[in-house]
file entry-v3.txt (compact mmCIF, N, CA and C atoms)
# COMPACT_ATOMS: atom_id res chain seq x y z
N MET Q 11 21.66 47.93 -16.42
CA MET Q 11 20.37 47.98 -15.76
C MET Q 11 19.39 48.70 -16.69
N GLU Q 12 18.28 48.08 -16.99
CA GLU Q 12 17.31 48.64 -17.92
C GLU Q 12 16.27 49.54 -17.26
N GLU Q 13 15.77 49.14 -16.08
CA GLU Q 13 14.74 49.94 -15.44
C GLU Q 13 14.93 49.97 -13.92
N ALA Q 14 14.35 51.00 -13.32
CA ALA Q 14 14.42 51.16 -11.87
C ALA Q 14 13.06 51.62 -11.36
N GLU Q 15 12.70 51.15 -10.18
CA GLU Q 15 11.44 51.54 -9.55
C GLU Q 15 11.73 52.47 -8.38
N VAL Q 16 10.95 53.54 -8.30
CA VAL Q 16 11.03 54.47 -7.19
C VAL Q 16 9.63 54.59 -6.61
N THR Q 17 9.48 54.22 -5.35
CA THR Q 17 8.20 54.35 -4.67
C THR Q 17 8.15 55.71 -3.99
N VAL Q 18 7.23 56.55 -4.44
CA VAL Q 18 7.13 57.91 -3.96
C VAL Q 18 6.20 57.94 -2.75
N GLY Q 19 6.68 58.60 -1.69
CA GLY Q 19 5.89 58.75 -0.47
C GLY Q 19 5.61 60.21 -0.20
N LEU Q 20 5.55 60.57 1.07
CA LEU Q 20 5.19 61.93 1.46
C LEU Q 20 6.38 62.82 1.79
N LYS Q 21 7.60 62.32 1.63
CA LYS Q 21 8.78 63.15 1.84
C LYS Q 21 8.86 64.20 0.73
N PRO Q 22 9.71 65.21 0.87
CA PRO Q 22 9.83 66.23 -0.18
C PRO Q 22 10.20 65.61 -1.53
N ALA Q 23 9.64 66.18 -2.59
CA ALA Q 23 9.85 65.66 -3.95
C ALA Q 23 11.32 65.58 -4.33
N ASP Q 24 12.13 66.50 -3.83
CA ASP Q 24 13.56 66.52 -4.18
C ASP Q 24 14.26 65.21 -3.84
N ARG Q 25 13.84 64.54 -2.79
CA ARG Q 25 14.46 63.26 -2.43
C ARG Q 25 14.23 62.20 -3.50
N TYR Q 26 13.02 62.17 -4.04
CA TYR Q 26 12.68 61.18 -5.06
C TYR Q 26 13.29 61.56 -6.41
N ILE Q 27 13.38 62.86 -6.66
CA ILE Q 27 14.05 63.33 -7.89
C ILE Q 27 15.51 62.92 -7.85
N LEU Q 28 16.17 63.10 -6.71
CA LEU Q 28 17.57 62.70 -6.58
C LEU Q 28 17.74 61.20 -6.79
N ALA Q 29 16.83 60.41 -6.23
CA ALA Q 29 16.90 58.95 -6.42
C ALA Q 29 16.80 58.61 -7.90
N CYS Q 30 15.89 59.26 -8.62
CA CYS Q 30 15.73 59.02 -10.05
C CYS Q 30 16.97 59.44 -10.82
N LEU Q 31 17.53 60.60 -10.46
CA LEU Q 31 18.74 61.08 -11.15
C LEU Q 31 19.91 60.13 -10.94
N LEU Q 32 20.02 59.56 -9.75
CA LEU Q 32 21.10 58.59 -9.50
C LEU Q 32 20.92 57.35 -10.38
N HIS Q 33 19.69 56.89 -10.53
CA HIS Q 33 19.43 55.74 -11.41
C HIS Q 33 19.77 56.08 -12.86
N ILE Q 34 19.37 57.27 -13.29
CA ILE Q 34 19.65 57.69 -14.67
C ILE Q 34 21.15 57.80 -14.89
N HIS Q 35 21.87 58.31 -13.91
CA HIS Q 35 23.33 58.41 -14.00
C HIS Q 35 23.97 57.03 -14.15
N ASP Q 36 23.34 56.02 -13.53
CA ASP Q 36 23.84 54.64 -13.63
C ASP Q 36 23.48 53.97 -14.96
N GLY Q 37 22.74 54.67 -15.84
CA GLY Q 37 22.44 54.14 -17.16
C GLY Q 37 21.06 53.55 -17.33
N VAL Q 38 20.18 53.75 -16.38
CA VAL Q 38 18.82 53.22 -16.48
C VAL Q 38 18.06 53.95 -17.58
N LYS Q 39 17.33 53.21 -18.39
CA LYS Q 39 16.55 53.79 -19.49
C LYS Q 39 15.09 54.04 -19.12
N ARG Q 40 14.56 53.28 -18.14
CA ARG Q 40 13.16 53.43 -17.73
C ARG Q 40 13.08 53.64 -16.23
N ILE Q 41 12.33 54.66 -15.83
CA ILE Q 41 12.06 54.92 -14.43
C ILE Q 41 10.58 54.66 -14.19
N ILE Q 42 10.28 53.84 -13.20
CA ILE Q 42 8.89 53.56 -12.84
C ILE Q 42 8.63 54.22 -11.49
N LEU Q 43 7.75 55.22 -11.51
CA LEU Q 43 7.35 55.90 -10.27
C LEU Q 43 6.04 55.29 -9.82
N ARG Q 44 5.97 54.90 -8.55
CA ARG Q 44 4.74 54.34 -7.99
C ARG Q 44 4.38 55.10 -6.73
N ALA Q 45 3.08 55.32 -6.55
CA ALA Q 45 2.61 56.01 -5.35
C ALA Q 45 1.18 55.58 -5.05
N ARG Q 46 0.81 55.74 -3.78
CA ARG Q 46 -0.55 55.42 -3.32
C ARG Q 46 -1.11 56.60 -2.55
N GLY Q 47 -2.43 56.74 -2.61
CA GLY Q 47 -3.14 57.70 -1.77
C GLY Q 47 -2.64 59.12 -1.88
N LYS Q 48 -2.33 59.72 -0.73
CA LYS Q 48 -1.93 61.12 -0.67
C LYS Q 48 -0.62 61.40 -1.40
N ALA Q 49 0.19 60.38 -1.64
CA ALA Q 49 1.48 60.57 -2.30
C ALA Q 49 1.36 60.68 -3.82
N ILE Q 50 0.16 60.46 -4.37
CA ILE Q 50 -0.01 60.52 -5.82
C ILE Q 50 0.36 61.89 -6.38
N SER Q 51 -0.07 62.95 -5.73
CA SER Q 51 0.27 64.30 -6.23
C SER Q 51 1.77 64.53 -6.18
N ASN Q 52 2.44 63.98 -5.18
CA ASN Q 52 3.90 64.10 -5.08
C ASN Q 52 4.58 63.37 -6.24
N ALA Q 53 4.05 62.20 -6.63
CA ALA Q 53 4.61 61.45 -7.76
C ALA Q 53 4.48 62.25 -9.05
N CYS Q 54 3.36 62.95 -9.21
CA CYS Q 54 3.16 63.78 -10.40
C CYS Q 54 4.17 64.93 -10.43
N VAL Q 55 4.42 65.54 -9.27
CA VAL Q 55 5.40 66.62 -9.17
C VAL Q 55 6.79 66.09 -9.52
N VAL Q 56 7.14 64.93 -9.00
CA VAL Q 56 8.45 64.32 -9.27
C VAL Q 56 8.61 64.10 -10.77
N ALA Q 57 7.62 63.51 -11.41
CA ALA Q 57 7.70 63.21 -12.84
C ALA Q 57 7.85 64.49 -13.66
N GLU Q 58 7.04 65.49 -13.37
CA GLU Q 58 7.09 66.73 -14.14
C GLU Q 58 8.39 67.49 -13.93
N ARG Q 59 8.85 67.59 -12.70
CA ARG Q 59 10.10 68.31 -12.44
C ARG Q 59 11.30 67.56 -13.03
N LEU Q 60 11.27 66.24 -12.93
CA LEU Q 60 12.35 65.43 -13.49
C LEU Q 60 12.44 65.65 -15.00
N LYS Q 61 11.30 65.63 -15.66
CA LYS Q 61 11.25 65.78 -17.12
C LYS Q 61 11.56 67.22 -17.56
N ASN Q 62 10.95 68.18 -16.90
CA ASN Q 62 11.07 69.58 -17.35
C ASN Q 62 12.33 70.29 -16.88
N ASP Q 63 12.81 69.96 -15.68
CA ASP Q 63 13.93 70.70 -15.10
C ASP Q 63 15.28 70.00 -15.17
N TYR Q 64 15.28 68.67 -15.23
CA TYR Q 64 16.55 67.94 -15.11
C TYR Q 64 16.91 67.09 -16.33
N VAL Q 65 15.98 66.32 -16.87
CA VAL Q 65 16.29 65.39 -17.95
C VAL Q 65 15.24 65.58 -19.06
N PRO Q 66 15.44 66.57 -19.93
CA PRO Q 66 14.43 66.86 -20.95
C PRO Q 66 14.21 65.73 -21.96
N GLU Q 67 15.15 64.81 -22.07
CA GLU Q 67 14.96 63.70 -23.03
C GLU Q 67 14.08 62.58 -22.49
N LEU Q 68 13.53 62.75 -21.29
CA LEU Q 68 12.57 61.79 -20.75
C LEU Q 68 11.21 61.98 -21.40
N ASP Q 69 10.54 60.88 -21.70
CA ASP Q 69 9.18 60.91 -22.25
C ASP Q 69 8.30 60.01 -21.40
N TYR Q 70 7.01 60.34 -21.38
CA TYR Q 70 6.05 59.48 -20.69
C TYR Q 70 5.76 58.27 -21.57
N GLU Q 71 6.04 57.08 -21.05
CA GLU Q 71 5.69 55.85 -21.76
C GLU Q 71 4.25 55.47 -21.45
N SER Q 72 3.91 55.52 -20.17
CA SER Q 72 2.52 55.24 -19.78
C SER Q 72 2.25 55.80 -18.39
N ILE Q 73 0.96 56.05 -18.15
CA ILE Q 73 0.48 56.46 -16.84
C ILE Q 73 -0.73 55.59 -16.54
N ARG Q 74 -0.67 54.89 -15.43
CA ARG Q 74 -1.75 53.96 -15.07
C ARG Q 74 -2.29 54.33 -13.70
N ILE Q 75 -3.59 54.50 -13.62
CA ILE Q 75 -4.26 54.80 -12.35
C ILE Q 75 -5.17 53.63 -12.04
N PHE Q 76 -5.09 53.13 -10.82
CA PHE Q 76 -5.87 51.95 -10.46
C PHE Q 76 -6.15 51.94 -8.97
N THR Q 77 -7.00 51.03 -8.54
CA THR Q 77 -7.36 50.90 -7.13
C THR Q 77 -6.85 49.56 -6.61
N GLU Q 78 -6.15 49.61 -5.49
CA GLU Q 78 -5.66 48.39 -4.85
C GLU Q 78 -6.55 48.08 -3.65
N ARG Q 79 -6.80 46.81 -3.45
CA ARG Q 79 -7.57 46.38 -2.28
C ARG Q 79 -6.59 45.84 -1.25
N LEU Q 80 -6.55 46.52 -0.11
CA LEU Q 80 -5.62 46.16 0.96
C LEU Q 80 -6.40 45.94 2.25
N ARG Q 81 -5.69 45.50 3.27
CA ARG Q 81 -6.29 45.35 4.60
C ARG Q 81 -5.80 46.49 5.49
N HIS Q 82 -6.71 47.08 6.24
CA HIS Q 82 -6.36 48.14 7.18
C HIS Q 82 -5.42 47.58 8.24
N LYS Q 83 -4.36 48.32 8.57
CA LYS Q 83 -3.35 47.83 9.51
C LYS Q 83 -3.93 47.52 10.89
N LYS Q 84 -4.79 48.39 11.38
CA LYS Q 84 -5.29 48.21 12.75
C LYS Q 84 -6.53 47.33 12.82
N THR Q 85 -7.47 47.56 11.91
CA THR Q 85 -8.74 46.84 12.01
C THR Q 85 -8.79 45.55 11.20
N GLY Q 86 -7.93 45.44 10.18
CA GLY Q 86 -7.94 44.26 9.33
C GLY Q 86 -9.05 44.27 8.30
N ARG Q 87 -9.84 45.34 8.30
CA ARG Q 87 -10.93 45.45 7.33
C ARG Q 87 -10.38 45.77 5.94
N PRO Q 88 -11.04 45.31 4.89
CA PRO Q 88 -10.58 45.65 3.53
C PRO Q 88 -10.80 47.13 3.22
N VAL Q 89 -9.80 47.73 2.60
CA VAL Q 89 -9.89 49.13 2.18
C VAL Q 89 -9.42 49.23 0.73
N LYS Q 90 -9.91 50.24 0.04
CA LYS Q 90 -9.49 50.50 -1.33
C LYS Q 90 -8.58 51.72 -1.33
N VAL Q 91 -7.43 51.58 -1.97
CA VAL Q 91 -6.46 52.67 -2.03
C VAL Q 91 -6.15 52.96 -3.49
N THR Q 92 -6.32 54.21 -3.90
CA THR Q 92 -6.00 54.61 -5.26
C THR Q 92 -4.49 54.66 -5.42
N SER Q 93 -4.00 54.16 -6.56
CA SER Q 93 -2.56 54.11 -6.83
C SER Q 93 -2.28 54.63 -8.23
N ILE Q 94 -1.04 55.04 -8.44
CA ILE Q 94 -0.62 55.50 -9.76
C ILE Q 94 0.73 54.89 -10.08
N GLU Q 95 0.94 54.63 -11.37
CA GLU Q 95 2.23 54.15 -11.86
C GLU Q 95 2.57 55.01 -13.08
N ILE Q 96 3.67 55.72 -12.99
CA ILE Q 96 4.13 56.59 -14.08
C ILE Q 96 5.44 56.01 -14.60
N ILE Q 97 5.47 55.69 -15.89
CA ILE Q 97 6.68 55.14 -16.49
C ILE Q 97 7.28 56.20 -17.41
N LEU Q 98 8.52 56.57 -17.10
CA LEU Q 98 9.28 57.54 -17.89
C LEU Q 98 10.40 56.80 -18.61
N THR Q 99 10.56 57.08 -19.90
CA THR Q 99 11.58 56.43 -20.70
C THR Q 99 12.53 57.48 -21.25
N ARG Q 100 13.80 57.18 -21.16
CA ARG Q 100 14.80 58.10 -21.70
C ARG Q 100 15.00 57.78 -23.17
N SER Q 101 14.87 58.80 -24.02
CA SER Q 101 15.05 58.59 -25.45
C SER Q 101 16.52 58.29 -25.74
N SER Q 102 16.76 57.58 -26.81
CA SER Q 102 18.12 57.14 -27.13
C SER Q 102 18.99 58.26 -27.67
N VAL Q 103 18.38 59.38 -28.08
CA VAL Q 103 19.15 60.51 -28.62
C VAL Q 103 19.78 61.25 -27.46
N GLN Q 104 21.11 61.32 -27.46
CA GLN Q 104 21.82 62.03 -26.42
C GLN Q 104 22.68 63.10 -27.06
N SER Q 105 22.76 64.24 -26.40
CA SER Q 105 23.55 65.34 -26.94
C SER Q 105 25.03 65.07 -26.74
N SER Q 106 25.82 65.53 -27.68
CA SER Q 106 27.27 65.36 -27.61
C SER Q 106 27.85 66.40 -26.67
N SER Q 107 28.71 65.99 -25.77
CA SER Q 107 29.30 66.92 -24.82
C SER Q 107 30.65 67.45 -25.32
N GLU Q 108 31.10 66.97 -26.48
CA GLU Q 108 32.39 67.43 -27.02
C GLU Q 108 32.18 68.59 -27.98
N HIS Q 109 32.93 69.66 -27.79
CA HIS Q 109 32.84 70.81 -28.69
C HIS Q 109 34.21 71.26 -29.09

call {"tool": "encode", "arguments": {"input": "entry-v3.txt", "output": "structure tokens"}}
result
Amino acid sequence: MEEAEVTVGLKPADRYILACLLHIHDGVKRIILRARGKAISNACVVAERLKNDYVPELDYESIRIFTERLRHKKTGRPVKVTSIEIILTRSSVQSSSEH
């Protein structure tokens, strides 16, 4: 498996970090974090904690901020929702665990 997508919502960041770690354990090289609206700050926390606290060999490949045009659930009126996509790539250099 080359890449995995994790859609970040409003649950605690640890849940999304765990999901990412499980994908990395399965051998995924690219993690794509996606979030909309209020969850954007949570996606940033997930990316930073994942990189700084758990998997230091992760690097930012790209960060894309954009606006999606959706329909409001109740009224059906068009609304604009800010979204973010953070792509983290695991570098190919891995430390040796044998000593």

call {"tool": "closest_residue", "arguments": {"input": "entry-v3.txt", "among": "Q:Arg74, Q:Arg87, Q:His33, Q:Lys21", "to": "Ala49 of chain Q", "atoms": "all atoms listed in the file"}}
result
Q:Lys21

call {"tool": "atom_distance", "arguments": {"input": "entry-v3.txt", "atom1": "atom N of Pro22 of chain Q", "atom2": "atom CA of Ile94 of chain Q"}}
result
17.7 Å

call {"tool": "select_by_dssp", "arguments": {"input": "entry-v3.txt", "residues": "chain Q", "states": "strand (DSSP E)", "output": "VMD selection string"}}
result
chain Q and resid 13 to 17 40 to 46 68 to 81 88 to 100

call {"tool": "closest_residue", "arguments": {"input": "entry-v3.txt", "among": "Q:Leu60, Q:Val65, Q:Cys54, Q:Leu43", "to": "Ile96 of chain Q", "atoms": "all atoms listed in the file"}}
result
Q:Leu43

call {"tool": "atom_distance", "arguments": {"input": "entry-v3.txt", "atom1": "atom CA of Ala14 of chain Q", "atom2": "atom CA of Arg100 of chain Q"}}
result
12.0 Å

call {"tool": "atom_distance", "arguments": {"input": "entry-v3.txt", "atom1": "atom C of Ile75 of chain Q", "atom2": "atom CA of Ala45 of chain Q"}}
result
10.5 Å

call {"tool": "select_by_dssp", "arguments": {"input": "entry-v3.txt", "residues": "chain Q", "states": "alpha helix (DSSP H)", "output": "PyMOL selection string"}}
result
chain Q and resi 23-35+50-59

call {"tool": "closest_residue", "arguments": {"input": "entry-v3.txt", "among": "Q:Asp63, Q:Glu95, Q:Asp36, Q:Asp24", "to": "Phe76 of chain Q", "atoms": "only N, CA and C atoms"}}
result
Q:Glu95

call {"tool": "closest_residue", "arguments": {"input": "entry-v3.txt", "among": "Q:Lys39, Q:Glu15, Q:Ile97, Q:Val56", "to": "Tyr70 of chain Q", "atoms": "only N, CA and C atoms"}}
result
Q:Ile97

call {"tool": "residues_around", "arguments": {"input": "entry-v3.txt", "residues": "Gly37 of chain Q", "least_positions_apart": "4", "cutoff": "10 Å", "atoms": "only C-alpha atoms", "output": "PyMOL selection string"}}
result
chain Q and resi 11-13+31-33+100

call {"tool": "closest_residue", "arguments": {"input": "entry-v3.txt", "among": "Q:Gly47, Q:Ala53, Q:Glu67, Q:Val38", "to": "Lys90 of chain Q", "atoms": "only C-alpha atoms"}}
result
Q:Gly47

call {"tool": "closest_residue", "arguments": {"input": "entry-v3.txt", "among": "Q:Leu98, Q:Val16, Q:Val91, Q:Leu80", "to": "Arg44 of chain Q", "atoms": "all atoms listed in the file"}}
result
Q:Val16

call {"tool": "decode", "arguments": {"input": "entry-v3.txt", "residues": "segment 50-77 of chain Q", "atoms": "N, CA and C atoms", "output": "PDB file, in the first residue's frame"}}
result
ATOM      1  N   ILE Q  50      -9.941  21.933  10.691  1.00  0.00           N
ATOM      2  CA  ILE Q  50      -8.643  22.252  10.087  1.00  0.00           C
ATOM      3  C   ILE Q  50      -7.548  22.373  11.147  1.00  0.00           C
ATOM      4  N   SER Q  51      -7.836  23.051  12.247  1.00  0.00           N
ATOM      5  CA  SER Q  51      -6.817  23.199  13.298  1.00  0.00           C
ATOM      6  C   SER Q  51      -6.450  21.842  13.891  1.00  0.00           C
ATOM      7  N   ASN Q  52      -7.422  20.947  13.987  1.00  0.00           N
ATOM      8  CA  ASN Q  52      -7.158  19.597  14.497  1.00  0.00           C
ATOM      9  C   ASN Q  52      -6.237  18.836  13.538  1.00  0.00           C
ATOM     10  N   ALA Q  53      -6.428  19.005  12.228  1.00  0.00           N
ATOM     11  CA  ALA Q  53      -5.567  18.347  11.243  1.00  0.00           C
ATOM     12  C   ALA Q  53      -4.130  18.844  11.368  1.00  0.00           C
ATOM     13  N   CYS Q  54      -3.965  20.132  11.639  1.00  0.00           N
ATOM     14  CA  CYS Q  54      -2.624  20.689  11.828  1.00  0.00           C
ATOM     15  C   CYS Q  54      -1.959  20.100  13.069  1.00  0.00           C
ATOM     16  N   VAL Q  55      -2.728  19.944  14.139  1.00  0.00           N
ATOM     17  CA  VAL Q  55      -2.212  19.338  15.370  1.00  0.00           C
ATOM     18  C   VAL Q  55      -1.799  17.892  15.109  1.00  0.00           C
ATOM     19  N   VAL Q  56      -2.626  17.151  14.393  1.00  0.00           N
ATOM     20  CA  VAL Q  56      -2.328  15.752  14.070  1.00  0.00           C
ATOM     21  C   VAL Q  56      -1.021  15.669  13.290  1.00  0.00           C
ATOM     22  N   ALA Q  57      -0.874  16.484  12.262  1.00  0.00           N
ATOM     23  CA  ALA Q  57       0.328  16.450  11.420  1.00  0.00           C
ATOM     24  C   ALA Q  57       1.580  16.777  12.236  1.00  0.00           C
ATOM     25  N   GLU Q  58       1.514  17.826  13.041  1.00  0.00           N
ATOM     26  CA  GLU Q  58       2.681  18.242  13.812  1.00  0.00           C
ATOM     27  C   GLU Q  58       3.051  17.221  14.888  1.00  0.00           C
ATOM     28  N   ARG Q  59       2.072  16.711  15.601  1.00  0.00           N
ATOM     29  CA  ARG Q  59       2.369  15.725  16.645  1.00  0.00           C
ATOM     30  C   ARG Q  59       2.877  14.413  16.044  1.00  0.00           C
ATOM     31  N   LEU Q  60       2.289  14.023  14.919  1.00  0.00           N
ATOM     32  CA  LEU Q  60       2.725  12.800  14.244  1.00  0.00           C
ATOM     33  C   LEU Q  60       4.186  12.920  13.833  1.00  0.00           C
ATOM     34  N   LYS Q  61       4.538  14.052  13.252  1.00  0.00           N
ATOM     35  CA  LYS Q  61       5.901  14.283  12.767  1.00  0.00           C
ATOM     36  C   LYS Q  61       6.896  14.481  13.920  1.00  0.00           C
ATOM     37  N   ASN Q  62       6.535  15.295  14.890  1.00  0.00           N
ATOM     38  CA  ASN Q  62       7.485  15.654  15.949  1.00  0.00           C
ATOM     39  C   ASN Q  62       7.583  14.638  17.080  1.00  0.00           C
ATOM     40  N   ASP Q  63       6.474  13.974  17.409  1.00  0.00           N
ATOM     41  CA  ASP Q  63       6.464  13.095  18.578  1.00  0.00           C
ATOM     42  C   ASP Q  63       6.552  11.602  18.265  1.00  0.00           C
ATOM     43  N   TYR Q  64       6.114  11.191  17.074  1.00  0.00           N
ATOM     44  CA  TYR Q  64       6.001   9.759  16.800  1.00  0.00           C
ATOM     45  C   TYR Q  64       6.869   9.266  15.641  1.00  0.00           C
ATOM     46  N   VAL Q  65       6.869   9.959  14.510  1.00  0.00           N
ATOM     47  CA  VAL Q  65       7.576   9.481  13.320  1.00  0.00           C
ATOM     48  C   VAL Q  65       8.429  10.630  12.765  1.00  0.00           C
ATOM     49  N   PRO Q  66       9.625  10.833  13.323  1.00  0.00           N
ATOM     50  CA  PRO Q  66      10.442  11.971  12.902  1.00  0.00           C
ATOM     51  C   PRO Q  66      10.889  11.925  11.440  1.00  0.00           C
ATOM     52  N   GLU Q  67      10.844  10.761  10.813  1.00  0.00           N
ATOM     53  CA  GLU Q  67      11.258  10.678   9.401  1.00  0.00           C
ATOM     54  C   GLU Q  67      10.167  11.119   8.425  1.00  0.00           C
ATOM     55  N   LEU Q  68       9.030  11.581   8.945  1.00  0.00           N
ATOM     56  CA  LEU Q  68       7.988  12.135   8.086  1.00  0.00           C
ATOM     57  C   LEU Q  68       8.360  13.549   7.651  1.00  0.00           C
ATOM     58  N   ASP Q  69       8.082  13.866   6.396  1.00  0.00           N
ATOM     59  CA  ASP Q  69       8.300  15.210   5.865  1.00  0.00           C
ATOM     60  C   ASP Q  69       7.015  15.686   5.213  1.00  0.00           C
ATOM     61  N   TYR Q  70       6.844  17.004   5.186  1.00  0.00           N
ATOM     62  CA  TYR Q  70       5.700  17.581   4.488  1.00  0.00           C
ATOM     63  C   TYR Q  70       5.979  17.562   2.988  1.00  0.00           C
ATOM     64  N   GLU Q  71       5.136  16.877   2.235  1.00  0.00           N
ATOM     65  CA  GLU Q  71       5.246  16.893   0.775  1.00  0.00           C
ATOM     66  C   GLU Q  71       4.518  18.109   0.218  1.00  0.00           C
ATOM     67  N   SER Q  72       3.309  18.331   0.710  1.00  0.00           N
ATOM     68  CA  SER Q  72       2.559  19.516   0.287  1.00  0.00           C
ATOM     69  C   SER Q  72       1.451  19.819   1.282  1.00  0.00           C
ATOM     70  N   ILE Q  73       1.059  21.091   1.285  1.00  0.00           N
ATOM     71  CA  ILE Q  73      -0.080  21.551   2.075  1.00  0.00           C
ATOM     72  C   ILE Q  73      -0.924  22.399   1.139  1.00  0.00           C
ATOM     73  N   ARG Q  74      -2.180  22.021   1.003  1.00  0.00           N
ATOM     74  CA  ARG Q  74      -3.074  22.721   0.072  1.00  0.00           C
ATOM     75  C   ARG Q  74      -4.293  23.217   0.839  1.00  0.00           C
ATOM     76  N   ILE Q  75      -4.576  24.498   0.698  1.00  0.00           N
ATOM     77  CA  ILE Q  75      -5.758  25.100   1.323  1.00  0.00           C
ATOM     78  C   ILE Q  75      -6.664  25.571   0.201  1.00  0.00           C
ATOM     79  N   PHE Q  76      -7.935  25.225   0.290  1.00  0.00           N
ATOM     80  CA  PHE Q  76      -8.861  25.565  -0.784  1.00  0.00           C
ATOM     81  C   PHE Q  76     -10.273  25.690  -0.235  1.00  0.00           C
ATOM     82  N   THR Q  77     -11.175  26.171  -1.072  1.00  0.00           N
ATOM     83  CA  THR Q  77     -12.577  26.337  -0.687  1.00  0.00           C
ATOM     84  C   THR Q  77     -13.437  25.392  -1.511  1.00  0.00           C
TER      85      THR Q  77
END
